[in-house]
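Peer 1: Structure file work-v5.cif (mmCIF, C-alpha atoms) right here:
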data_structure
loop_
_atom_site.group_PDB
_atom_site.id
_atom_site.type_symbol
_atom_site.label_atom_id
_atom_site.label_comp_id
_atom_site.auth_asym_id
_atom_site.auth_seq_id
_atom_site.Cartn_x
_atom_site.Cartn_y
_atom_site.Cartn_z
ATOM 1 C CA MET P 1 -14.652 4.634 9.748
ATOM 2 C CA TYR P 2 -12.631 1.721 11.034
ATOM 3 C CA ASN P 3 -15.698 -0.481 11.605
ATOM 4 C CA THR P 4 -16.657 -0.443 7.926
ATOM 5 C CA VAL P 5 -13.273 -1.296 6.393
ATOM 6 C CA LYS P 6 -13.333 -4.466 4.309
ATOM 7 C CA LEU P 7 -10.529 -6.754 5.495
ATOM 8 C CA GLU P 8 -9.067 -9.005 2.813
ATOM 9 C CA LYS P 9 -5.878 -11.035 2.329
ATOM 10 C CA SER P 10 -4.984 -8.770 -0.585
ATOM 11 C CA LEU P 11 -3.965 -6.067 1.918
ATOM 12 C CA TYR P 12 -0.809 -8.132 2.517
ATOM 13 C CA THR P 13 0.162 -8.177 -1.155
ATOM 14 C CA ILE P 14 0.308 -4.474 -2.044
ATOM 15 C CA THR P 15 3.806 -3.769 -3.361
ATOM 16 C CA GLY P 16 5.826 -1.380 -1.232
ATOM 17 C CA LYS P 17 3.311 -1.279 1.619
ATOM 18 C CA SER P 18 3.035 -3.189 4.861
ATOM 19 C CA PHE P 19 -0.345 -4.488 6.001
ATOM 20 C CA THR P 20 -0.751 -1.575 8.419
ATOM 21 C CA GLU P 21 0.240 0.987 5.776
ATOM 22 C CA ALA P 22 -2.307 -0.489 3.358
ATOM 23 C CA LEU P 23 -4.914 -0.476 6.100
ATOM 24 C CA SER P 24 -4.071 3.122 7.017
ATOM 25 C CA GLN P 25 -4.759 4.172 3.455
ATOM 26 C CA LEU P 26 -8.322 2.894 3.859
ATOM 27 C CA ASP P 27 -8.623 4.190 7.423
ATOM 28 C CA PRO P 28 -6.319 7.228 7.895
ATOM 29 C CA ASP P 29 -5.072 8.068 11.383
ATOM 30 C CA SER P 30 -5.844 11.738 10.769
ATOM 31 C CA GLY P 31 -9.573 11.013 11.024
ATOM 32 C CA TYR P 32 -9.285 10.235 14.742
ATOM 33 C CA LYS P 33 -7.619 13.370 16.081
ATOM 34 C CA GLY P 34 -9.344 14.542 19.222
ATOM 35 C CA THR P 35 -11.246 11.263 19.676
ATOM 36 C CA GLU P 36 -10.773 8.403 22.124
ATOM 37 C CA LEU P 37 -9.132 6.409 19.331
ATOM 38 C CA GLU P 38 -6.345 8.941 18.816
ATOM 39 C CA GLY P 39 -3.029 7.196 19.406
ATOM 40 C CA LEU P 40 -4.174 3.867 17.985
ATOM 41 C CA ASP P 41 -2.924 2.856 14.560
ATOM 42 C CA ALA P 42 -5.126 1.276 11.889
ATOM 43 C CA PHE P 43 -4.365 -2.280 13.048
ATOM 44 C CA GLU P 44 -5.086 -1.494 16.692
ATOM 45 C CA ARG P 45 -8.402 0.060 15.706
ATOM 46 C CA GLN P 46 -9.336 -3.213 13.995
ATOM 47 C CA LEU P 47 -8.538 -5.115 17.189
ATOM 48 C CA LYS P 48 -10.941 -2.791 18.968
ATOM 49 C CA ARG P 49 -13.531 -3.318 16.246
ATOM 50 C CA PHE P 50 -13.547 -7.076 16.828
ATOM 51 C CA ASP P 51 -13.051 -6.696 20.584
ATOM 52 C CA ILE P 52 -9.791 -8.664 20.565
ATOM 53 C CA LYS P 53 -7.720 -8.077 23.710
ATOM 54 C CA VAL P 54 -4.144 -9.230 23.234
ATOM 55 C CA SER P 55 -2.854 -8.576 26.778
ATOM 56 C CA GLY P 56 -3.835 -7.602 30.282
ATOM 57 C CA GLU P 57 -6.959 -8.401 32.225
ATOM 58 C CA GLY P 58 -9.568 -10.149 30.101
ATOM 59 C CA CYS P 59 -6.971 -11.203 27.514
ATOM 60 C CA ASP P 60 -8.598 -13.293 24.769
ATOM 61 C CA ARG P 61 -7.605 -16.657 23.373
ATOM 62 C CA VAL P 62 -6.009 -17.214 19.971
ATOM 63 C CA GLU P 63 -9.303 -18.489 18.580
ATOM 64 C CA LYS P 64 -10.843 -15.020 19.018
ATOM 65 C CA PHE P 65 -9.077 -13.961 15.816
ATOM 66 C CA PHE P 66 -11.051 -16.588 13.927
ATOM 67 C CA ILE P 67 -14.592 -15.599 14.865
ATOM 68 C CA SER P 68 -15.036 -14.355 11.295
ATOM 69 C CA ALA P 69 -13.247 -14.412 7.953
ATOM 70 C CA GLU P 70 -12.416 -10.709 8.307
ATOM 71 C CA SER P 71 -10.999 -10.876 11.832
ATOM 72 C CA ALA P 72 -8.812 -13.834 10.757
ATOM 73 C CA VAL P 73 -7.050 -11.460 8.349
ATOM 74 C CA LEU P 74 -5.633 -9.651 11.391
ATOM 75 C CA PHE P 75 -3.844 -12.697 12.803
ATOM 76 C CA PRO P 76 -0.680 -12.591 10.610
ATOM 77 C CA GLU P 77 -0.092 -8.948 11.538
ATOM 78 C CA TYR P 78 -0.481 -9.803 15.232
ATOM 79 C CA VAL P 79 2.102 -12.569 14.791
ATOM 80 C CA ARG P 80 4.463 -10.258 12.878
ATOM 81 C CA ARG P 81 4.266 -7.555 15.544
ATOM 82 C CA GLN P 82 4.996 -9.989 18.355
ATOM 83 C CA VAL P 83 7.976 -11.474 16.500
ATOM 84 C CA LYS P 84 9.256 -7.959 15.710
ATOM 85 C CA ALA P 85 8.918 -6.942 19.364
ATOM 86 C CA GLY P 86 11.036 -9.929 20.362
ATOM 87 C CA MET P 87 13.650 -9.037 17.761
ATOM 88 C CA ASP P 88 13.836 -5.429 18.900
ATOM 89 C CA SER P 89 14.231 -6.422 22.555
ATOM 90 C CA VAL P 90 17.663 -8.041 22.009
ATOM 91 C CA SER P 91 18.957 -6.405 18.829
ATOM 92 C CA ILE P 92 22.310 -4.617 18.989
ATOM 93 C CA LEU P 93 21.733 -2.969 15.598
ATOM 94 C CA PRO P 94 20.272 0.302 16.973
ATOM 95 C CA ASP P 95 23.399 0.677 19.125
ATOM 96 C CA ILE P 96 25.957 0.085 16.360
ATOM 97 C CA ALA P 97 24.350 1.338 13.151
ATOM 98 C CA ALA P 98 25.042 4.840 11.899
ATOM 99 C CA ALA P 99 22.553 4.353 9.048
ATOM 100 C CA SER P 100 20.054 1.871 7.723
ATOM 101 C CA SER P 101 18.846 1.523 4.164
ATOM 102 C CA ARG P 102 16.618 -0.701 2.064
ATOM 103 C CA THR P 103 17.089 -2.431 -1.244
ATOM 104 C CA ASP P 104 14.808 -4.396 -3.528
ATOM 105 C CA GLY P 105 17.601 -6.792 -4.469
ATOM 106 C CA TYR P 106 19.195 -9.792 -2.807
ATOM 107 C CA ASP P 107 22.652 -8.248 -2.651
ATOM 108 C CA TYR P 108 24.228 -4.816 -2.162
ATOM 109 C CA ARG P 109 27.430 -2.897 -2.854
ATOM 110 C CA ALA P 110 28.816 -1.618 0.407
ATOM 111 C CA MET P 111 30.422 1.840 0.612
ATOM 112 C CA SER P 112 33.656 2.648 2.399
ATOM 113 C CA VAL P 113 34.992 6.010 3.587
ATOM 114 C CA THR P 114 38.718 6.698 3.931
ATOM 115 C CA SER P 115 40.760 9.883 4.422
ATOM 116 C CA SER P 116 44.176 10.941 3.219
ATOM 117 C CA GLY P 117 46.378 14.032 3.312
ATOM 118 C CA SER P 118 47.475 16.503 5.960
ATOM 119 C CA GLU P 119 45.126 17.526 8.759
ATOM 120 C CA THR P 120 47.267 20.520 9.775
ATOM 121 C CA GLY P 121 46.303 22.917 7.023
ATOM 122 C CA VAL P 122 47.089 23.273 3.328
ATOM 123 C CA ALA P 123 50.041 25.190 1.932
ATOM 124 C CA GLN P 124 49.703 27.284 -1.202
ATOM 125 C CA LEU P 125 49.402 25.179 -4.361
ATOM 126 C CA ALA P 126 49.571 21.988 -2.282
ATOM 127 C CA ALA P 127 47.178 19.127 -2.889
ATOM 128 C CA LEU P 128 44.046 19.173 -0.795
ATOM 129 C CA PRO P 129 43.473 16.368 1.687
ATOM 130 C CA GLN P 130 40.808 13.959 0.510
ATOM 131 C CA THR P 131 37.918 12.003 1.883
ATOM 132 C CA ILE P 132 37.409 9.092 -0.468
ATOM 133 C CA VAL P 133 34.096 7.315 -0.825
ATOM 134 C CA LYS P 134 33.962 4.257 -3.028
ATOM 135 C CA LEU P 135 31.905 1.148 -3.600
ATOM 136 C CA ALA P 136 33.211 -2.284 -2.753
ATOM 137 C CA ASP P 137 34.768 -4.210 -5.649
ATOM 138 C CA SER P 138 32.085 -6.884 -5.392
ATOM 139 C CA SER P 139 28.551 -7.214 -4.107
ATOM 140 C CA SER P 140 27.682 -8.786 -0.783
ATOM 141 C CA ALA P 141 24.694 -11.058 -0.512
ATOM 142 C CA LEU P 142 21.959 -10.189 1.926
ATOM 143 C CA VAL P 143 21.349 -12.990 4.404
ATOM 144 C CA LYS P 144 17.946 -14.464 5.171
ATOM 145 C CA PHE P 145 17.419 -14.982 8.885
ATOM 146 C CA ALA P 146 14.395 -17.100 9.687
ATOM 147 C CA ARG P 147 12.752 -19.302 12.265
ATOM 148 C CA ARG P 148 9.832 -21.693 12.115
ATOM 149 C CA LEU P 149 7.482 -22.554 14.961
ATOM 150 C CA SER P 150 5.865 -25.940 14.456
ATOM 151 C CA CYS P 151 2.400 -26.102 15.953
ATOM 152 C CA SER P 152 -1.164 -27.030 15.117
ATOM 153 C CA TYR P 153 -4.183 -24.807 15.378
ATOM 154 C CA GLU P 154 -5.651 -27.256 17.867
ATOM 155 C CA SER P 155 -2.624 -26.815 20.148
ATOM 156 C CA ILE P 156 -2.752 -23.021 20.199
ATOM 157 C CA ARG P 157 -6.423 -22.099 19.724
ATOM 158 C CA ARG P 158 -7.190 -22.174 23.470
ATOM 159 C CA GLN P 159 -4.010 -20.373 24.501
ATOM 160 C CA ARG P 160 -4.291 -16.861 25.905
ATOM 161 C CA LEU P 161 -2.906 -14.308 23.470
ATOM 162 C CA GLU P 162 -0.631 -12.855 26.144
ATOM 163 C CA THR P 163 0.956 -16.280 26.689
ATOM 164 C CA PHE P 164 1.158 -17.014 22.984
ATOM 165 C CA GLY P 165 2.780 -13.623 22.501
ATOM 166 C CA VAL P 166 5.625 -14.691 24.812
ATOM 167 C CA ILE P 167 6.310 -17.673 22.526
ATOM 168 C CA LEU P 168 6.257 -15.468 19.412
ATOM 169 C CA ARG P 169 8.564 -12.893 20.973
ATOM 170 C CA SER P 170 10.949 -15.715 21.911
ATOM 171 C CA LEU P 171 10.942 -16.709 18.236
ATOM 172 C CA GLY P 172 11.891 -13.118 17.398
ATOM 173 C CA THR P 173 14.749 -13.044 19.905
ATOM 174 C CA GLN P 174 16.251 -16.158 18.297
ATOM 175 C CA ILE P 175 16.175 -14.515 14.872
ATOM 176 C CA SER P 176 17.668 -11.309 16.230
ATOM 177 C CA ARG P 177 20.506 -13.102 18.013
ATOM 178 C CA ALA P 178 21.479 -14.714 14.702
ATOM 179 C CA ILE P 179 21.576 -11.236 13.128
ATOM 180 C CA ASN P 180 23.667 -9.979 16.062
ATOM 181 C CA ALA P 181 26.144 -12.800 15.456
ATOM 182 C CA LYS P 182 26.448 -11.816 11.793
ATOM 183 C CA ALA P 183 27.042 -8.181 12.745
ATOM 184 C CA VAL P 184 29.772 -9.203 15.194
ATOM 185 C CA THR P 185 31.467 -11.295 12.489
ATOM 186 C CA VAL P 186 31.553 -8.278 10.156
ATOM 187 C CA LEU P 187 32.803 -5.908 12.866
ATOM 188 C CA SER P 188 35.435 -8.411 14.030
ATOM 189 C CA GLY P 189 37.001 -8.288 10.572
ATOM 190 C CA THR P 190 38.421 -4.811 11.198
ATOM 191 C CA ALA P 191 42.181 -4.404 10.774
ATOM 192 C CA ASN P 192 42.412 -1.949 13.688
ATOM 193 C CA SER P 193 43.231 -3.683 16.958
ATOM 194 C CA SER P 194 44.671 -3.244 20.423
ATOM 195 C CA THR P 195 45.850 -5.827 22.931
ATOM 196 C CA TYR P 196 46.067 -6.212 26.701
ATOM 197 C CA THR P 197 47.943 -8.626 28.933
ATOM 198 C CA GLY P 198 46.838 -10.500 32.011
ATOM 199 C CA SER P 199 43.383 -9.683 33.325
ATOM 200 C CA ILE P 200 41.435 -6.790 31.871
ATOM 201 C CA SER P 201 42.106 -3.567 33.774
ATOM 202 C CA TYR P 202 40.608 -0.119 33.856
ATOM 203 C CA ALA P 203 43.868 1.261 32.443
ATOM 204 C CA ALA P 204 43.665 -1.150 29.493
ATOM 205 C CA LEU P 205 40.087 -0.056 28.789
ATOM 206 C CA ALA P 206 41.059 3.606 28.937
ATOM 207 C CA SER P 207 43.982 2.999 26.568
ATOM 208 C CA PHE P 208 41.670 1.137 24.187
ATOM 209 C CA TRP P 209 39.260 4.069 24.197
ATOM 210 C CA ALA P 210 42.092 6.548 23.582
ATOM 211 C CA ALA P 211 43.495 4.428 20.725
ATOM 212 C CA MET P 212 40.556 5.445 18.557
ATOM 213 C CA SER P 213 42.061 8.914 18.374
ATOM 214 C CA SER P 214 40.253 10.228 15.292
ATOM 215 C CA TYR P 215 36.827 8.987 16.364
ATOM 216 C CA ASP P 216 34.745 8.972 19.529
ATOM 217 C CA MET P 217 34.205 5.448 20.814
ATOM 218 C CA ASP P 218 30.758 5.461 22.398
ATOM 219 C CA VAL P 219 29.802 1.768 22.301
ATOM 220 C CA MET P 220 31.765 -1.316 23.328
ATOM 221 C CA LEU P 221 30.552 -4.855 22.646
ATOM 222 C CA CYS P 222 31.814 -7.295 25.278
ATOM 223 C CA SER P 223 31.494 -11.014 25.845
ATOM 224 C CA PRO P 224 29.560 -11.907 29.033
ATOM 225 C CA ALA P 225 32.809 -13.009 30.708
ATOM 226 C CA MET P 226 34.645 -9.795 29.849
ATOM 227 C CA MET P 227 31.686 -7.666 30.841
ATOM 228 C CA ALA P 228 31.566 -9.401 34.236
ATOM 229 C CA ASN P 229 35.280 -8.674 34.716
ATOM 230 C CA ILE P 230 34.789 -5.037 33.746
ATOM 231 C CA LEU P 231 31.847 -4.625 36.107
ATOM 232 C CA ALA P 232 33.989 -6.058 38.903
ATOM 233 C CA LEU P 233 36.601 -3.320 38.469
ATOM 234 C CA ASN P 234 36.728 -0.930 41.393
ATOM 235 C CA GLU P 235 36.405 2.106 39.098
ATOM 236 C CA MET P 236 33.044 0.871 37.764
ATOM 237 C CA LYS P 237 31.332 1.229 41.121
ATOM 238 C CA TYR P 238 30.743 4.874 40.258
ATOM 239 C CA CYS P 239 28.506 3.774 37.365
ATOM 240 C CA VAL P 240 25.922 1.950 39.466
ATOM 241 C CA THR P 241 23.620 4.970 39.685
ATOM 242 C CA ASP P 242 23.551 5.370 35.910
ATOM 243 C CA PHE P 243 22.738 1.683 35.464
ATOM 244 C CA MET P 244 19.882 1.818 37.961
ATOM 245 C CA SER P 245 18.361 4.863 36.261
ATOM 246 C CA SER P 246 18.780 3.876 32.604
ATOM 247 C CA GLY P 247 19.416 0.133 32.534
ATOM 248 C CA LYS P 248 22.643 0.729 30.593
ATOM 249 C CA VAL P 249 26.204 0.238 31.769
ATOM 250 C CA VAL P 250 28.280 3.312 30.911
ATOM 251 C CA THR P 251 31.947 3.718 31.751
ATOM 252 C CA PRO P 252 33.126 6.899 33.501
ATOM 253 C CA TYR P 253 34.420 8.146 30.126
ATOM 254 C CA GLY P 254 31.047 7.701 28.421
ATOM 255 C CA VAL P 255 31.238 4.359 26.595
ATOM 256 C CA THR P 256 28.094 2.198 26.735
ATOM 257 C CA LEU P 257 28.901 -1.469 27.352
ATOM 258 C CA ILE P 258 26.716 -4.055 25.596
ATOM 259 C CA LYS P 259 26.822 -7.748 26.457
ATOM 260 C CA CYS P 260 27.354 -9.822 23.330
ATOM 261 C CA PRO P 261 27.659 -13.624 23.735
ATOM 262 C CA ASP P 262 28.933 -14.032 20.160
ATOM 263 C CA LEU P 263 32.334 -12.595 21.095
ATOM 264 C CA ALA P 264 35.221 -14.610 22.505
ATOM 265 C CA ASP P 265 35.677 -14.274 26.272
ATOM 266 C CA THR P 266 38.822 -12.132 25.905
ATOM 267 C CA THR P 267 37.578 -9.860 23.115
ATOM 268 C CA ALA P 268 35.757 -6.532 22.906
ATOM 269 C CA ILE P 269 34.843 -4.316 19.960
ATOM 270 C CA GLY P 270 34.798 -0.537 20.270
ATOM 271 C CA ILE P 271 32.589 1.484 17.921
ATOM 272 C CA ASP P 272 31.903 5.081 17.038
ATOM 273 C CA SER P 273 28.231 4.478 16.336
ATOM 274 C CA SER P 274 27.841 7.771 14.480
ATOM 275 C CA CYS P 275 29.811 6.547 11.453
ATOM 276 C CA ALA P 276 30.895 2.918 11.875
ATOM 277 C CA ALA P 277 28.355 0.643 10.211
ATOM 278 C CA GLU P 278 25.365 0.464 7.889
ATOM 279 C CA ILE P 279 22.493 -1.997 8.057
ATOM 280 C CA VAL P 280 20.902 -2.907 4.723
ATOM 281 C CA TYR P 281 17.427 -4.448 4.728
ATOM 282 C CA GLY P 282 16.013 -6.421 1.837
ATOM 283 C CA THR P 283 12.684 -6.965 3.605
ATOM 284 C CA ASP P 284 10.870 -6.133 6.799
ATOM 285 C CA VAL P 285 9.835 -9.012 9.060
ATOM 286 C CA ILE P 286 7.753 -11.370 6.921
ATOM 287 C CA VAL P 287 5.286 -14.043 8.004
ATOM 288 C CA ASP P 288 3.372 -16.439 5.771
ATOM 289 C CA TYR P 289 0.028 -14.657 5.896
ATOM 290 C CA ASP P 290 -1.823 -17.140 3.697
ATOM 291 C CA LYS P 291 -1.237 -20.118 6.003
ATOM 292 C CA LEU P 292 -1.900 -18.116 9.144
ATOM 293 C CA ILE P 293 -5.284 -16.913 7.984
ATOM 294 C CA SER P 294 -6.328 -20.561 7.678
ATOM 295 C CA THR P 295 -7.351 -22.029 11.022
ATOM 296 C CA GLN P 296 -5.621 -25.261 10.043
ATOM 297 C CA CYS P 297 -2.083 -23.802 9.994
ATOM 298 C CA ASP P 298 0.556 -26.245 11.235
ATOM 299 C CA GLU P 299 3.516 -23.857 11.433
ATOM 300 C CA ILE P 300 4.434 -20.216 11.856
ATOM 301 C CA ALA P 301 7.437 -19.031 9.855
ATOM 302 C CA ALA P 302 9.040 -15.596 10.181
ATOM 303 C CA SER P 303 12.004 -14.204 8.253
ATOM 304 C CA ILE P 304 13.936 -11.063 7.438
ATOM 305 C CA LEU P 305 16.573 -10.306 4.783
ATOM 306 C CA CYS P 306 19.439 -8.034 5.816
ATOM 307 C CA GLY P 307 23.167 -7.391 5.800
ATOM 308 C CA VAL P 308 25.788 -5.374 7.706
ATOM 309 C CA SER P 309 28.723 -3.428 6.302
ATOM 310 C CA ILE P 310 31.446 -1.219 7.784
ATOM 311 C CA LEU P 311 31.278 2.344 6.495
ATOM 312 C CA THR P 312 34.342 3.831 8.167
ATOM 313 C CA ALA P 313 37.102 1.374 9.036
ATOM 314 C CA GLY P 314 38.742 3.617 11.619
ATOM 315 C CA ALA P 315 35.505 3.878 13.572
ATOM 316 C CA VAL P 316 35.718 0.217 14.609
ATOM 317 C CA ARG P 317 38.480 -1.205 16.798
ATOM 318 C CA LYS P 318 39.012 -4.617 18.365
ATOM 319 C CA LEU P 319 40.547 -5.353 21.776
ATOM 320 C CA THR P 320 42.029 -8.823 22.328
ATOM 321 C CA LYS P 321 44.209 -10.485 24.924
ATOM 322 C CA ALA P 322 47.821 -10.840 23.846
ATOM 323 C CA SER P 323 48.847 -14.460 23.390
#
Written as structure tokens, how would this file's structure read?

Peer 2:
Amino acid sequence: MYNTVKLEKSLYTITGKSFTEALSQLDPDSGYKGTELEGLDAFERQLKRFDIKVSGEGCDRVEKFFISAESAVLFPEYVRRQVKAGMDSVSILPDIAAASSRTDGYDYRAMSVTSSGSETGVAQLAALPQTIVKLADSSSALVKFARRLSCSYESIRRQRLETFGVILRSLGTQISRAINAKAVTVLSGTANSSTYTGSISYAALASFWAAMSSYDMDVMLCSPAMMANILALNEMKYCVTDFMSSGKVVTPYGVTLIKCPDLADTTAIGIDSSCAAEIVYGTDVIVDYDKLISTQCDEIAASILCGVSILTAGAVRKLTKAS
């Protein structure tokens, strides 16, 4: 049962397993089907074991994690989850990535997909059209994105966990925005482009969408300024109901608009998210568990190793204002 599991720092060091996965091996979720604890994962059951409330009415203080040596082992995972939640809240990766993969190395060989030959049928004895998949000529290095929060245990021990969680999630959003900027840099390198003149118009947006003739543009990254101009278009008033029900801005022809401050004010990037890009992870979100278990920690550092590559060049297109 969850209240007899021995919590040790070594649970963070098992190769190929996260803390929660290692904990789940000792305390399987399957043992709680039909009980009041069904729906909680192994980490959440440990919070219940030590009566640590991380949010809501009766929320505990940070120091509650350190009432015993075993409960202190839970603190790094709490920090990691809060940072990850902040990252997820602003990440554009789920909207642009067709696939995600993991590697044990510090670099990766990206794949590219191109097509050649006739699309109108094949005559007798004629060469078949080809879809060509090949690796890049050279490896690309994964990038480490990290952030450090300088603090002392004395400064945070009396803070409510719900308040402290806001700070940790803010740390995560800063990391994620740096990853977003890297993704935009990669996507902006596409050779496929369209232009518009004057102010952005609904006709220019429709032409941009139609220009991706072989793919279905379903996502468009826009700078805040361009997104404001698009939302001000008379034709977009018909999309207000969709925005109020889903929180997403979708054009009448089905393209989801995503605000992206890393783009120039006059630039947008259209994507067929089903085949455009791949995200490669070298690690999950990592925190320095050893320092955090000590009540005398003076910093909280979080990092992740990842990279972005374009899988299908034609599935990404850039819109810029003509000079």

Peer 1: Using all atoms listed in the file, can you tell me which of P:Cys222, P:Ala85, P:Ile175, P:Ile92 comes closest to Ala146 of chain P?

Peer 2: P:Ile175

Peer 1: List every protein, DNA or RNA residue with an atom no more than 7 Å from (-5.4, -13.1, 14.0) in the file's coordinates, counting all atoms listed in the file, and format the result as a list of chain:residue names.

Peer 2: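 Output: P:Phe65, P:Phe66, P:Ser71, P:Ala72, P:Val73, P:Leu74, P:Phe75, P:Pro76, P:Tyr78.
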
Peer 1: Atoms to include: C-alpha atoms. Write the selected residues as a CSV table (one decimal), in the frame of the given file.

Peer 2:
chain,number,residue,atom,x,y,z
P,65,PHE,CA,-9.1,-14.0,15.8
P,66,PHE,CA,-11.1,-16.6,13.9
P,71,SER,CA,-11.0,-10.9,11.8
P,72,ALA,CA,-8.8,-13.8,10.8
P,73,VAL,CA,-7.0,-11.5,8.3
P,74,LEU,CA,-5.6,-9.7,11.4
P,75,PHE,CA,-3.8,-12.7,12.8
P,76,PRO,CA,-0.7,-12.6,10.6
P,78,TYR,CA,-0.5,-9.8,15.2

Peer 1: Applying the PyMOL selection byres ((chain P and resi 307) around 9) to the file I just gave you, which residues come out? Please list them as number ranges by chain.

Peer 2: P: 107-108, 140-144, 179, 182-183, 278-282, 305-306, 308-309

Peer 1: Each residue of segment 127-186 of chain P lying at most 12 Å from segment 250-268 of chain P should get a row with its shortest atom-to-atom pair and the distance in Å to one decimal, counting all atoms listed in the file; could you produce that, ordered by chain and increasing number, as a Markdown table?

Peer 2:
| residue | atom | partner | partner_atom | distance |
| --- | --- | --- | --- | --- |
| P:Arg177 | CA | P:Asp262 | CA | 8.7 |
| P:Ala178 | CA | P:Asp262 | CA | 9.3 |
| P:Ile179 | CA | P:Asp262 | CA | 10.6 |
| P:Asn180 | CA | P:Asp262 | CA | 7.8 |
| P:Ala181 | CA | P:Asp262 | CA | 5.6 |
| P:Lys182 | CA | P:Asp262 | CA | 9.0 |
| P:Ala183 | CA | P:Asp262 | CA | 9.6 |
| P:Val184 | CA | P:Asp262 | CA | 7.0 |
| P:Thr185 | CA | P:Asp262 | CA | 8.5 |
| P:Val186 | CA | P:Leu263 | CA | 11.8 |

Peer 1: Could the residues in this selection be saved with C-alpha atoms as a short mmCIF file (atom, residue, chain, number, x, y, z; two decimals), in the coordinates of the input?

Peer 2:
data_model
loop_
_atom_site.label_atom_id
_atom_site.label_comp_id
_atom_site.auth_asym_id
_atom_site.auth_seq_id
_atom_site.Cartn_x
_atom_site.Cartn_y
_atom_site.Cartn_z
CA ARG P 177 20.51 -13.10 18.01
CA ALA P 178 21.48 -14.71 14.70
CA ILE P 179 21.58 -11.24 13.13
CA ASN P 180 23.67 -9.98 16.06
CA ALA P 181 26.14 -12.80 15.46
CA LYS P 182 26.45 -11.82 11.79
CA ALA P 183 27.04 -8.18 12.74
CA VAL P 184 29.77 -9.20 15.19
CA THR P 185 31.47 -11.30 12.49
CA VAL P 186 31.55 -8.28 10.16
#

Peer 1: Please determine, counting only C-alpha atoms, which residue among P:Leu187, P:Leu233, P:Ala301, P:Ala276 has the shortest atom-to-atom distance to Leu319 of chain P.

Peer 2: P:Leu187

Peer 1: Can you measure atom CA of Leu292 of chain P to atom CA of Ser89 of chain P for me? One decimal in Å is fine.

Peer 2: 24.0 Å

Peer 1: Evaluate the PyMOL selection byres ((chain P and resi 190) around 8) on the structure here and hand back the selected residues as a list in words.

Peer 2: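 Checking the PyMOL selection byres ((chain P and resi 190) around 8) against this file, the residues are Val186, Leu187, Ser188, Gly189, Ala191, Asn192, Ser193, Ala313, Val316, Arg317 and Lys318 of chain P.
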
Peer 1: Go through the shown structure with the PyMOL selection byres ((chain P and resi 12) around 10) and write out the matching residues as a JSON list (two decimals) with C-alpha atoms, in the frame of the given file.

Peer 2:
[["chain", "number", "residue", "atom", "x", "y", "z"],
["P", 8, "GLU", "CA", -9.07, -9.01, 2.81],
["P", 9, "LYS", "CA", -5.88, -11.04, 2.33],
["P", 10, "SER", "CA", -4.98, -8.77, -0.58],
["P", 11, "LEU", "CA", -3.96, -6.07, 1.92],
["P", 13, "THR", "CA", 0.16, -8.18, -1.16],
["P", 14, "ILE", "CA", 0.31, -4.47, -2.04],
["P", 15, "THR", "CA", 3.81, -3.77, -3.36],
["P", 17, "LYS", "CA", 3.31, -1.28, 1.62],
["P", 18, "SER", "CA", 3.04, -3.19, 4.86],
["P", 19, "PHE", "CA", -0.34, -4.49, 6.00],
["P", 20, "THR", "CA", -0.75, -1.58, 8.42],
["P", 21, "GLU", "CA", 0.24, 0.99, 5.78],
["P", 22, "ALA", "CA", -2.31, -0.49, 3.36],
["P", 23, "LEU", "CA", -4.91, -0.48, 6.10],
["P", 73, "VAL", "CA", -7.05, -11.46, 8.35],
["P", 76, "PRO", "CA", -0.68, -12.59, 10.61],
["P", 77, "GLU", "CA", -0.09, -8.95, 11.54],
["P", 288, "ASP", "CA", 3.37, -16.44, 5.77],
["P", 289, "TYR", "CA", 0.03, -14.66, 5.90],
["P", 290, "ASP", "CA", -1.82, -17.14, 3.70]]

Peer 1: Here is a test: counting all atoms listed in the file, which residue of P:Leu125, P:Val83, P:Leu47, P:Cys239 is nearest to Arg147 of chain P?

Peer 2: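 Using all atoms listed in the file, the shortest distance to Arg147 of chain P belongs to P:Val83.
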
Peer 1: Taking (34.2, 2.4, 39.7) in the file's own coordinates, collect the residues within 12 Å, counting all atoms listed in the file, and hand them back as an MDAnalysis selection string.

Peer 2: chainID P and resid 201:202 230:242 249:253

Peer 1: Atom CA of Gly198 of chain P and atom CA of Ser323 of chain P, how far apart in Å?

Peer 2: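 Rounded to one decimal, the two atoms are 9.7 Å apart.
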
Peer 1: Rounded to one decimal, what separation in Å do you get between atom CA of Met212 of chain P and atom CA of Gly314 of chain P?

Peer 2: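 Separation of atom CA of Met212 of chain P and atom CA of Gly314 of chain P: 7.4 Å.
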